[in-house]
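Below is one structure, written out as structure tokens, with a few remarks after it.
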Amino acid sequence: MSRQENIGWRKLDNAAKAFPPTVKKSDTRVFRFSCELFEGIDQKTLQIALDKAVLEFPHFLSVMRKGVFWYYLEQCNIKPVVSPESKMPCSQLYKSGYKTLLFDVTYFRNRINLEIFHSLADGLGGIQFFQTIVLKYIIEKYKSDFGENVPFLNNNSSVTERGKDSFFDYYKKDKKNLKIKKEKAYIFRGAKREDDSVIVIEGRLSVKAVLELAHKYNTTLTAFLISAFIYSIGKEMTEINRKLPVVIDIPVNLRKYFSSQTTRNFFAMISIKYTFKEKNDSFEAIIETVSEAMKSEITKERLSQVMESFAKLEHNPVIRVVPLPIKNFAISAKRHNMDKYGTTVVSNLGAIDMPESIRRYIRSFSVISSTLSTQLCVCSFGDNLELGFTSAFIETERQKNFFRTLSELGLDVEIFCNDFNGSRGDKNDEM
């Protein structure tokens, strides 16, 4: 029997192994997708859509189990149940010792939410599942509008391909270790919320407007947003802090560089660094540095080296036989140590596409993630570019500085502060 056959359980992929040992109430390792429709959500119809979607993604019906040496995913017959939203965004899904699903589907007014524990999938894998849920919901609710012309997603991957561990497929032990020099980064500080929840602030811009401005600076949309974030961070730094680099960690989708249709984790982290003390405060200087760094870091060869450097630990014969409690301690300690080398994370999932015939029912897609600090997630649908900030800090000046920077650069920004149930309020002009 091959390693990829359905035998009722699966080893965690390389990236997924880091999440279970580091989960806590203040850092749930959960990310959320939301889809805002033009009409209110019907719970019964959404449940039908979810039931159909999991048939195409059966590996999502899994629970986390502990082995002697590693965690693993075990397939289960637990039925996922749609419910009205009642918890704070990105609340804990995985709790050690509890046999529960690692994703949750909720709704509030006209928004559908999918939350996923990161060991189950990465952002690109999760969005495929979410697109399927949304598609089947719209088809079910508005079936009379489609007749025999039922829309479908342009995804030809099989169930087997979606469940593959692509880290395992592309591991080559003959490559040299990648040596990455680390230095302490500028770290966000501030008072945190007592309930360990995150504050969510979302912004909406025109994709066309941002692209036009980015092209004027001879850069990409992602590099432009990262540069604007670094520029706004510089405004809060003291003169002493400016000797420390601002380090932005960026998850990169490896599917673009290595043939894979997996919905499991398949990404690599690269870091972009900018030190104000060594350069200057101008936006142009930041964009130049960020653009060049992204060009050199985001290549197939470089990403392969990053992927290999982490995979070697998993394949090390000595580490493989170390008992799980010791591995957990080591992974938790490493995570705590690594926190001092990164300022924040910026994750861009890119454009979310849906069949033309159902786009008229959808207002927007958005994405956010749990964090111990402040983090920015980005995605787009049509001409709506959605920026989702999550922050563990009470103070929101950092997010305000970022959106003010975008406004100062000539962009119209619509800002929403989510209430307890995840609904969007009106535009906040004070931001």
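Ordering of the structure tokens sets the chain letters (A, B, ...); residue numbers start at 1 within each chain; ligands are numbered from 1 in the order shown.
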
Residues of range 331-363 of chain A that have any atom at most 9 Å from an atom of range 7-18 of chain A: could you tabulate them with the shortest-distance atom pair and the distance in Å to one decimal, using only C-alpha atoms, ordered by chain and increasing number, as CSV?
```
residue,atom,partner,partner_atom,distance
A:Ile331,CA,A:Ala18,CA,6.6
A:Ser332,CA,A:Ala18,CA,8.3
A:Arg335,CA,A:Ala18,CA,8.4
```

The selected residues should be written to file as an mmCIF file, in the first residue's frame (atoms: N, CA, C and O atoms).
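Saved as part_36.cif:
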```cif
data_model
loop_
_atom_site.group_PDB
_atom_site.id
_atom_site.type_symbol
_atom_site.label_atom_id
_atom_site.label_comp_id
_atom_site.auth_asym_id
_atom_site.auth_seq_id
_atom_site.Cartn_x
_atom_site.Cartn_y
_atom_site.Cartn_z
ATOM 1 N N ILE A 331 9.909 22.056 19.759
ATOM 2 C CA ILE A 331 9.214 22.899 18.779
ATOM 3 C C ILE A 331 8.675 24.167 19.432
ATOM 4 O O ILE A 331 8.778 25.262 18.870
ATOM 5 N N SER A 332 8.126 24.032 20.629
ATOM 6 C CA SER A 332 7.613 25.206 21.346
ATOM 7 C C SER A 332 8.735 26.180 21.682
ATOM 8 O O SER A 332 8.575 27.396 21.548
ATOM 9 N N ARG A 335 9.789 27.943 18.501
ATOM 10 C CA ARG A 335 8.814 28.956 18.114
ATOM 11 C C ARG A 335 8.998 30.218 18.944
ATOM 12 O O ARG A 335 8.975 31.346 18.437
#
```

Excluding same-chain residues fewer than 3 positions from Ile48 in chain A, what lies within 9 Å of it counting only C-alpha atoms, as a VMD selection string? chain A and resid 43 to 45 51 to 53 136 to 137 140

Counting only C-alpha atoms, the option among A:Ala392, A:Leu120, A:Leu73, A:Leu50 closest to Thr132 in chain A: A:Leu50

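Among the candidate residues A:Phe266, A:Phe152, A:Phe38, A:Tyr186, the one lying nearest to Tyr341 in chain A is A:Tyr186, with distances computed using only C-alpha atoms.
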
Which residues come within 12 Å of Leu303 in chain A, counting only C-alpha atoms, excluding same-chain residues fewer than 4 positions away, as a JSON list (two decimals) with all heavy atoms, in the first residue's frame?
```
[["chain", "number", "residue", "atom", "x", "y", "z"],
["A", 167, "PHE", "N", 5.27, 18.14, 0.31],
["A", 167, "PHE", "CA", 6.61, 18.27, 0.91],
["A", 167, "PHE", "C", 7.36, 16.95, 0.77],
["A", 167, "PHE", "O", 8.55, 16.93, 0.46],
["A", 167, "PHE", "CB", 6.50, 18.65, 2.39],
["A", 167, "PHE", "CG", 6.17, 20.09, 2.64],
["A", 167, "PHE", "CD1", 4.94, 20.45, 3.16],
["A", 167, "PHE", "CD2", 7.08, 21.08, 2.36],
["A", 167, "PHE", "CE1", 4.63, 21.78, 3.41],
["A", 167, "PHE", "CE2", 6.79, 22.42, 2.60],
["A", 167, "PHE", "CZ", 5.56, 22.76, 3.12],
["A", 170, "TYR", "N", 8.52, 16.23, -2.97],
["A", 170, "TYR", "CA", 9.61, 17.02, -3.53],
["A", 170, "TYR", "C", 10.87, 17.06, -2.68],
["A", 170, "TYR", "O", 11.80, 17.79, -2.97],
["A", 170, "TYR", "CB", 9.12, 18.46, -3.79],
["A", 170, "TYR", "CG", 8.24, 18.55, -5.01],
["A", 170, "TYR", "CD1", 6.86, 18.59, -4.89],
["A", 170, "TYR", "CD2", 8.78, 18.56, -6.29],
["A", 170, "TYR", "CE1", 6.03, 18.67, -6.00],
["A", 170, "TYR", "CE2", 7.97, 18.63, -7.41],
["A", 170, "TYR", "CZ", 6.60, 18.68, -7.26],
["A", 170, "TYR", "OH", 5.80, 18.74, -8.36],
["A", 178, "LEU", "N", 20.49, 25.16, 3.85],
["A", 178, "LEU", "CA", 20.47, 26.60, 3.62],
["A", 178, "LEU", "C", 20.79, 27.31, 4.93],
["A", 178, "LEU", "O", 20.10, 27.13, 5.92],
["A", 178, "LEU", "CB", 19.09, 27.03, 3.11],
["A", 178, "LEU", "CG", 18.87, 28.52, 2.93],
["A", 178, "LEU", "CD1", 19.77, 29.06, 1.81],
["A", 178, "LEU", "CD2", 17.41, 28.81, 2.61],
["A", 250, "ILE", "N", 6.75, 36.39, 4.88],
["A", 250, "ILE", "CA", 5.76, 36.22, 3.82],
["A", 250, "ILE", "C", 5.61, 34.74, 3.48],
["A", 250, "ILE", "O", 6.57, 34.11, 3.05],
["A", 250, "ILE", "CB", 6.18, 36.98, 2.55],
["A", 250, "ILE", "CG1", 6.50, 38.44, 2.87],
["A", 250, "ILE", "CG2", 5.09, 36.89, 1.48],
["A", 250, "ILE", "CD1", 7.14, 39.18, 1.71],
["A", 251, "PRO", "N", 4.42, 34.17, 3.64],
["A", 251, "PRO", "CA", 4.19, 32.80, 3.17],
["A", 251, "PRO", "C", 4.09, 32.79, 1.65],
["A", 251, "PRO", "O", 3.35, 33.60, 1.07],
["A", 251, "PRO", "CB", 2.85, 32.41, 3.81],
["A", 251, "PRO", "CG", 2.50, 33.51, 4.77],
["A", 251, "PRO", "CD", 3.23, 34.73, 4.30],
["A", 252, "VAL", "N", 4.82, 31.90, 1.01],
["A", 252, "VAL", "CA", 4.82, 31.81, -0.45],
["A", 252, "VAL", "C", 4.21, 30.48, -0.87],
["A", 252, "VAL", "O", 4.63, 29.41, -0.40],
["A", 252, "VAL", "CB", 6.24, 31.94, -1.03],
["A", 252, "VAL", "CG1", 6.23, 31.80, -2.54],
["A", 252, "VAL", "CG2", 6.85, 33.28, -0.62],
["A", 253, "ASN", "N", 3.24, 30.53, -1.75],
["A", 253, "ASN", "CA", 2.57, 29.33, -2.27],
["A", 253, "ASN", "C", 3.52, 28.55, -3.17],
["A", 253, "ASN", "O", 3.89, 29.02, -4.26],
["A", 253, "ASN", "CB", 1.32, 29.75, -3.04],
["A", 253, "ASN", "CG", 0.64, 28.59, -3.73],
["A", 253, "ASN", "OD1", 0.79, 27.43, -3.33],
["A", 253, "ASN", "ND2", -0.09, 28.88, -4.79],
["A", 254, "LEU", "N", 3.92, 27.35, -2.75],
["A", 254, "LEU", "CA", 4.88, 26.55, -3.52],
["A", 254, "LEU", "C", 4.24, 25.90, -4.75],
["A", 254, "LEU", "O", 4.96, 25.41, -5.63],
["A", 254, "LEU", "CB", 5.49, 25.48, -2.62],
["A", 254, "LEU", "CG", 6.40, 26.00, -1.50],
["A", 254, "LEU", "CD1", 6.83, 24.87, -0.60],
["A", 254, "LEU", "CD2", 7.61, 26.73, -2.07],
["A", 255, "ARG", "N", 2.93, 25.89, -4.83],
["A", 255, "ARG", "CA", 2.26, 25.27, -5.98],
["A", 255, "ARG", "C", 2.57, 26.01, -7.28],
["A", 255, "ARG", "O", 2.45, 25.44, -8.36],
["A", 255, "ARG", "CB", 0.74, 25.25, -5.75],
["A", 255, "ARG", "CG", 0.31, 24.44, -4.53],
["A", 255, "ARG", "CD", -1.15, 24.72, -4.20],
["A", 255, "ARG", "NE", -1.58, 24.10, -2.96],
["A", 255, "ARG", "CZ", -1.36, 24.59, -1.74],
["A", 255, "ARG", "NH1", -0.67, 25.73, -1.61],
["A", 255, "ARG", "NH2", -1.81, 23.97, -0.67],
["A", 256, "LYS", "N", 2.93, 27.28, -7.16],
["A", 256, "LYS", "CA", 3.27, 28.06, -8.35],
["A", 256, "LYS", "C", 4.62, 27.65, -8.94],
["A", 256, "LYS", "O", 4.91, 27.94, -10.09],
["A", 256, "LYS", "CB", 3.32, 29.56, -8.00],
["A", 256, "LYS", "CG", 1.96, 30.17, -7.69],
["A", 256, "LYS", "CD", 2.11, 31.66, -7.44],
["A", 256, "LYS", "CE", 0.76, 32.32, -7.18],
["A", 256, "LYS", "NZ", 0.88, 33.77, -6.94],
["A", 257, "TYR", "N", 5.44, 26.98, -8.12],
["A", 257, "TYR", "CA", 6.80, 26.64, -8.54],
["A", 257, "TYR", "C", 7.03, 25.14, -8.65],
["A", 257, "TYR", "O", 7.96, 24.69, -9.30],
["A", 257, "TYR", "CB", 7.80, 27.26, -7.56],
["A", 257, "TYR", "CG", 7.62, 28.75, -7.43],
["A", 257, "TYR", "CD1", 6.75, 29.28, -6.47],
["A", 257, "TYR", "CD2", 8.28, 29.63, -8.27],
["A", 257, "TYR", "CE1", 6.55, 30.66, -6.35],
["A", 257, "TYR", "CE2", 8.10, 31.00, -8.16],
["A", 257, "TYR", "CZ", 7.23, 31.51, -7.20],
["A", 257, "TYR", "OH", 7.03, 32.86, -7.11],
["A", 258, "PHE", "N", 6.18, 24.36, -7.99],
["A", 258, "PHE", "CA", 6.29, 22.90, -8.02],
["A", 258, "PHE", "C", 4.89, 22.34, -8.30],
["A", 258, "PHE", "O", 3.94, 22.68, -7.60],
["A", 258, "PHE", "CB", 6.81, 22.37, -6.68],
["A", 258, "PHE", "CG", 8.12, 22.98, -6.27],
["A", 258, "PHE", "CD1", 8.14, 24.12, -5.48],
["A", 258, "PHE", "CD2", 9.32, 22.42, -6.68],
["A", 258, "PHE", "CE1", 9.34, 24.68, -5.09],
["A", 258, "PHE", "CE2", 10.52, 22.98, -6.29],
["A", 258, "PHE", "CZ", 10.54, 24.12, -5.50],
["A", 266, "PHE", "N", 1.42, 23.57, 1.80],
["A", 266, "PHE", "CA", 2.52, 23.52, 0.84],
["A", 266, "PHE", "C", 2.98, 24.95, 0.57],
["A", 266, "PHE", "O", 2.66, 25.54, -0.45],
["A", 266, "PHE", "CB", 2.10, 22.81, -0.45],
["A", 266, "PHE", "CG", 3.26, 22.41, -1.32],
["A", 266, "PHE", "CD1", 4.39, 21.81, -0.78],
["A", 266, "PHE", "CD2", 3.22, 22.61, -2.69],
["A", 266, "PHE", "CE1", 5.47, 21.45, -1.57],
["A", 266, "PHE", "CE2", 4.29, 22.24, -3.51],
["A", 266, "PHE", "CZ", 5.40, 21.66, -2.94],
["A", 267, "PHE", "N", 3.69, 25.49, 1.54],
["A", 267, "PHE", "CA", 4.17, 26.87, 1.44],
["A", 267, "PHE", "C", 5.54, 26.97, 2.11],
["A", 267, "PHE", "O", 5.95, 26.10, 2.88],
["A", 267, "PHE", "CB", 3.19, 27.84, 2.11],
["A", 267, "PHE", "CG", 3.13, 27.70, 3.62],
["A", 267, "PHE", "CD1", 3.91, 28.48, 4.45],
["A", 267, "PHE", "CD2", 2.27, 26.77, 4.21],
["A", 267, "PHE", "CE1", 3.85, 28.35, 5.83],
["A", 267, "PHE", "CE2", 2.21, 26.62, 5.59],
["A", 267, "PHE", "CZ", 3.00, 27.42, 6.40],
["A", 268, "ALA", "N", 6.24, 28.04, 1.79],
["A", 268, "ALA", "CA", 7.53, 28.33, 2.41],
["A", 268, "ALA", "C", 7.51, 29.77, 2.89],
["A", 268, "ALA", "O", 6.84, 30.62, 2.29],
["A", 268, "ALA", "CB", 8.68, 28.11, 1.43],
["A", 269, "MET", "N", 8.21, 30.05, 3.97],
["A", 269, "MET", "CA", 8.28, 31.41, 4.50],
["A", 269, "MET", "C", 9.57, 32.08, 4.06],
["A", 269, "MET", "O", 10.66, 31.52, 4.21],
["A", 269, "MET", "CB", 8.21, 31.39, 6.02],
["A", 269, "MET", "CG", 6.91, 30.85, 6.59],
["A", 269, "MET", "SD", 5.49, 31.91, 6.32],
["A", 269, "MET", "CE", 5.84, 33.24, 7.48],
["A", 270, "ILE", "N", 9.44, 33.28, 3.51],
["A", 270, "ILE", "CA", 10.63, 34.09, 3.21],
["A", 270, "ILE", "C", 10.52, 35.38, 4.00],
["A", 270, "ILE", "O", 9.42, 35.80, 4.40],
["A", 270, "ILE", "CB", 10.79, 34.35, 1.69],
["A", 270, "ILE", "CG1", 9.60, 35.16, 1.16],
["A", 270, "ILE", "CG2", 10.93, 33.05, 0.94],
["A", 270, "ILE", "CD1", 9.94, 36.53, 0.74],
["A", 271, "SER", "N", 11.64, 36.02, 4.24],
["A", 271, "SER", "CA", 11.66, 37.23, 5.06],
["A", 271, "SER", "C", 12.21, 38.41, 4.28],
["A", 271, "SER", "O", 13.21, 38.29, 3.57],
["A", 271, "SER", "CB", 12.51, 37.01, 6.32],
["A", 271, "SER", "OG", 11.96, 36.00, 7.13],
["A", 294, "MET", "N", 12.33, 40.75, -2.83],
["A", 294, "MET", "CA", 11.33, 39.77, -3.26],
["A", 294, "MET", "C", 11.76, 39.08, -4.55],
["A", 294, "MET", "O", 11.53, 37.88, -4.73],
["A", 294, "MET", "CB", 9.96, 40.45, -3.43],
["A", 294, "MET", "CG", 9.35, 40.87, -2.10],
["A", 294, "MET", "SD", 7.67, 41.55, -2.24],
["A", 294, "MET", "CE", 6.75, 40.08, -2.69],
["A", 295, "LYS", "N", 12.40, 39.81, -5.44],
["A", 295, "LYS", "CA", 12.88, 39.20, -6.69],
["A", 295, "LYS", "C", 13.94, 38.14, -6.41],
["A", 295, "LYS", "O", 13.98, 37.10, -7.06],
["A", 295, "LYS", "CB", 13.45, 40.29, -7.60],
["A", 295, "LYS", "CG", 12.42, 41.17, -8.26],
["A", 295, "LYS", "CD", 13.09, 42.24, -9.12],
["A", 295, "LYS", "CE", 12.06, 43.18, -9.73],
["A", 295, "LYS", "NZ", 12.70, 44.27, -10.51],
["A", 296, "SER", "N", 14.81, 38.41, -5.45],
["A", 296, "SER", "CA", 15.90, 37.47, -5.16],
["A", 296, "SER", "C", 15.45, 36.31, -4.29],
["A", 296, "SER", "O", 15.97, 35.20, -4.39],
["A", 296, "SER", "CB", 17.06, 38.21, -4.48],
["A", 296, "SER", "OG", 16.65, 38.76, -3.23],
["A", 297, "GLU", "N", 14.47, 36.55, -3.41],
["A", 297, "GLU", "CA", 14.03, 35.51, -2.48],
["A", 297, "GLU", "C", 12.98, 34.58, -3.08],
["A", 297, "GLU", "O", 12.95, 33.39, -2.76],
["A", 297, "GLU", "CB", 13.47, 36.16, -1.21],
["A", 297, "GLU", "CG", 14.51, 36.82, -0.32],
["A", 297, "GLU", "CD", 15.44, 35.82, 0.33],
["A", 297, "GLU", "OE1", 14.97, 34.76, 0.79],
["A", 297, "GLU", "OE2", 16.65, 36.09, 0.35],
["A", 298, "ILE", "N", 12.10, 35.12, -3.90],
["A", 298, "ILE", "CA", 11.00, 34.32, -4.43],
["A", 298, "ILE", "C", 11.37, 33.78, -5.82],
["A", 298, "ILE", "O", 10.92, 34.27, -6.85],
["A", 298, "ILE", "CB", 9.69, 35.12, -4.46],
["A", 298, "ILE", "CG1", 9.39, 35.70, -3.08],
["A", 298, "ILE", "CG2", 8.53, 34.21, -4.88],
["A", 298, "ILE", "CD1", 8.13, 36.52, -3.00],
["A", 299, "THR", "N", 12.23, 32.78, -5.81],
["A", 299, "THR", "CA", 12.61, 32.05, -7.02],
["A", 299, "THR", "C", 12.48, 30.56, -6.71],
["A", 299, "THR", "O", 12.51, 30.16, -5.54],
["A", 299, "THR", "CB", 14.06, 32.35, -7.44],
["A", 299, "THR", "OG1", 14.95, 31.86, -6.43],
["A", 299, "THR", "CG2", 14.28, 33.84, -7.64],
["A", 307, "MET", "N", 12.55, 25.04, 1.51],
["A", 307, "MET", "CA", 11.75, 23.84, 1.74],
["A", 307, "MET", "C", 12.63, 22.69, 2.21],
["A", 307, "MET", "O", 12.29, 21.97, 3.15],
["A", 307, "MET", "CB", 11.02, 23.47, 0.44],
["A", 307, "MET", "CG", 10.11, 22.27, 0.56],
["A", 307, "MET", "SD", 9.08, 22.04, -0.92],
["A", 307, "MET", "CE", 10.32, 21.87, -2.20],
["A", 308, "GLU", "N", 13.78, 22.51, 1.57],
["A", 308, "GLU", "CA", 14.68, 21.42, 1.93],
["A", 308, "GLU", "C", 15.25, 21.59, 3.33],
["A", 308, "GLU", "O", 15.40, 20.61, 4.07],
["A", 308, "GLU", "CB", 15.85, 21.37, 0.93],
["A", 308, "GLU", "CG", 15.46, 20.94, -0.48],
["A", 308, "GLU", "CD", 15.12, 19.47, -0.57],
["A", 308, "GLU", "OE1", 15.63, 18.70, 0.26],
["A", 308, "GLU", "OE2", 14.33, 19.11, -1.45],
["A", 309, "SER", "N", 15.58, 22.82, 3.71],
["A", 309, "SER", "CA", 16.20, 23.05, 5.01],
["A", 309, "SER", "C", 15.29, 22.64, 6.16],
["A", 309, "SER", "O", 15.75, 22.14, 7.19],
["A", 309, "SER", "CB", 16.61, 24.52, 5.16],
["A", 309, "SER", "OG", 15.48, 25.35, 5.19],
["A", 310, "PHE", "N", 13.99, 22.82, 6.00],
["A", 310, "PHE", "CA", 13.04, 22.43, 7.03],
["A", 310, "PHE", "C", 12.70, 20.94, 6.94],
["A", 310, "PHE", "O", 12.48, 20.29, 7.95],
["A", 310, "PHE", "CB", 11.78, 23.28, 6.94],
["A", 310, "PHE", "CG", 11.99, 24.70, 7.41],
["A", 310, "PHE", "CD1", 12.13, 25.73, 6.50],
["A", 310, "PHE", "CD2", 12.07, 25.00, 8.75],
["A", 310, "PHE", "CE1", 12.34, 27.04, 6.92],
["A", 310, "PHE", "CE2", 12.29, 26.30, 9.19],
["A", 310, "PHE", "CZ", 12.41, 27.32, 8.27]]
```

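Nearest to Glu278 in chain A of all the residues A:Val246, A:Leu376, A:Val68, A:Ile415 is A:Val246, counting only C-alpha atoms.
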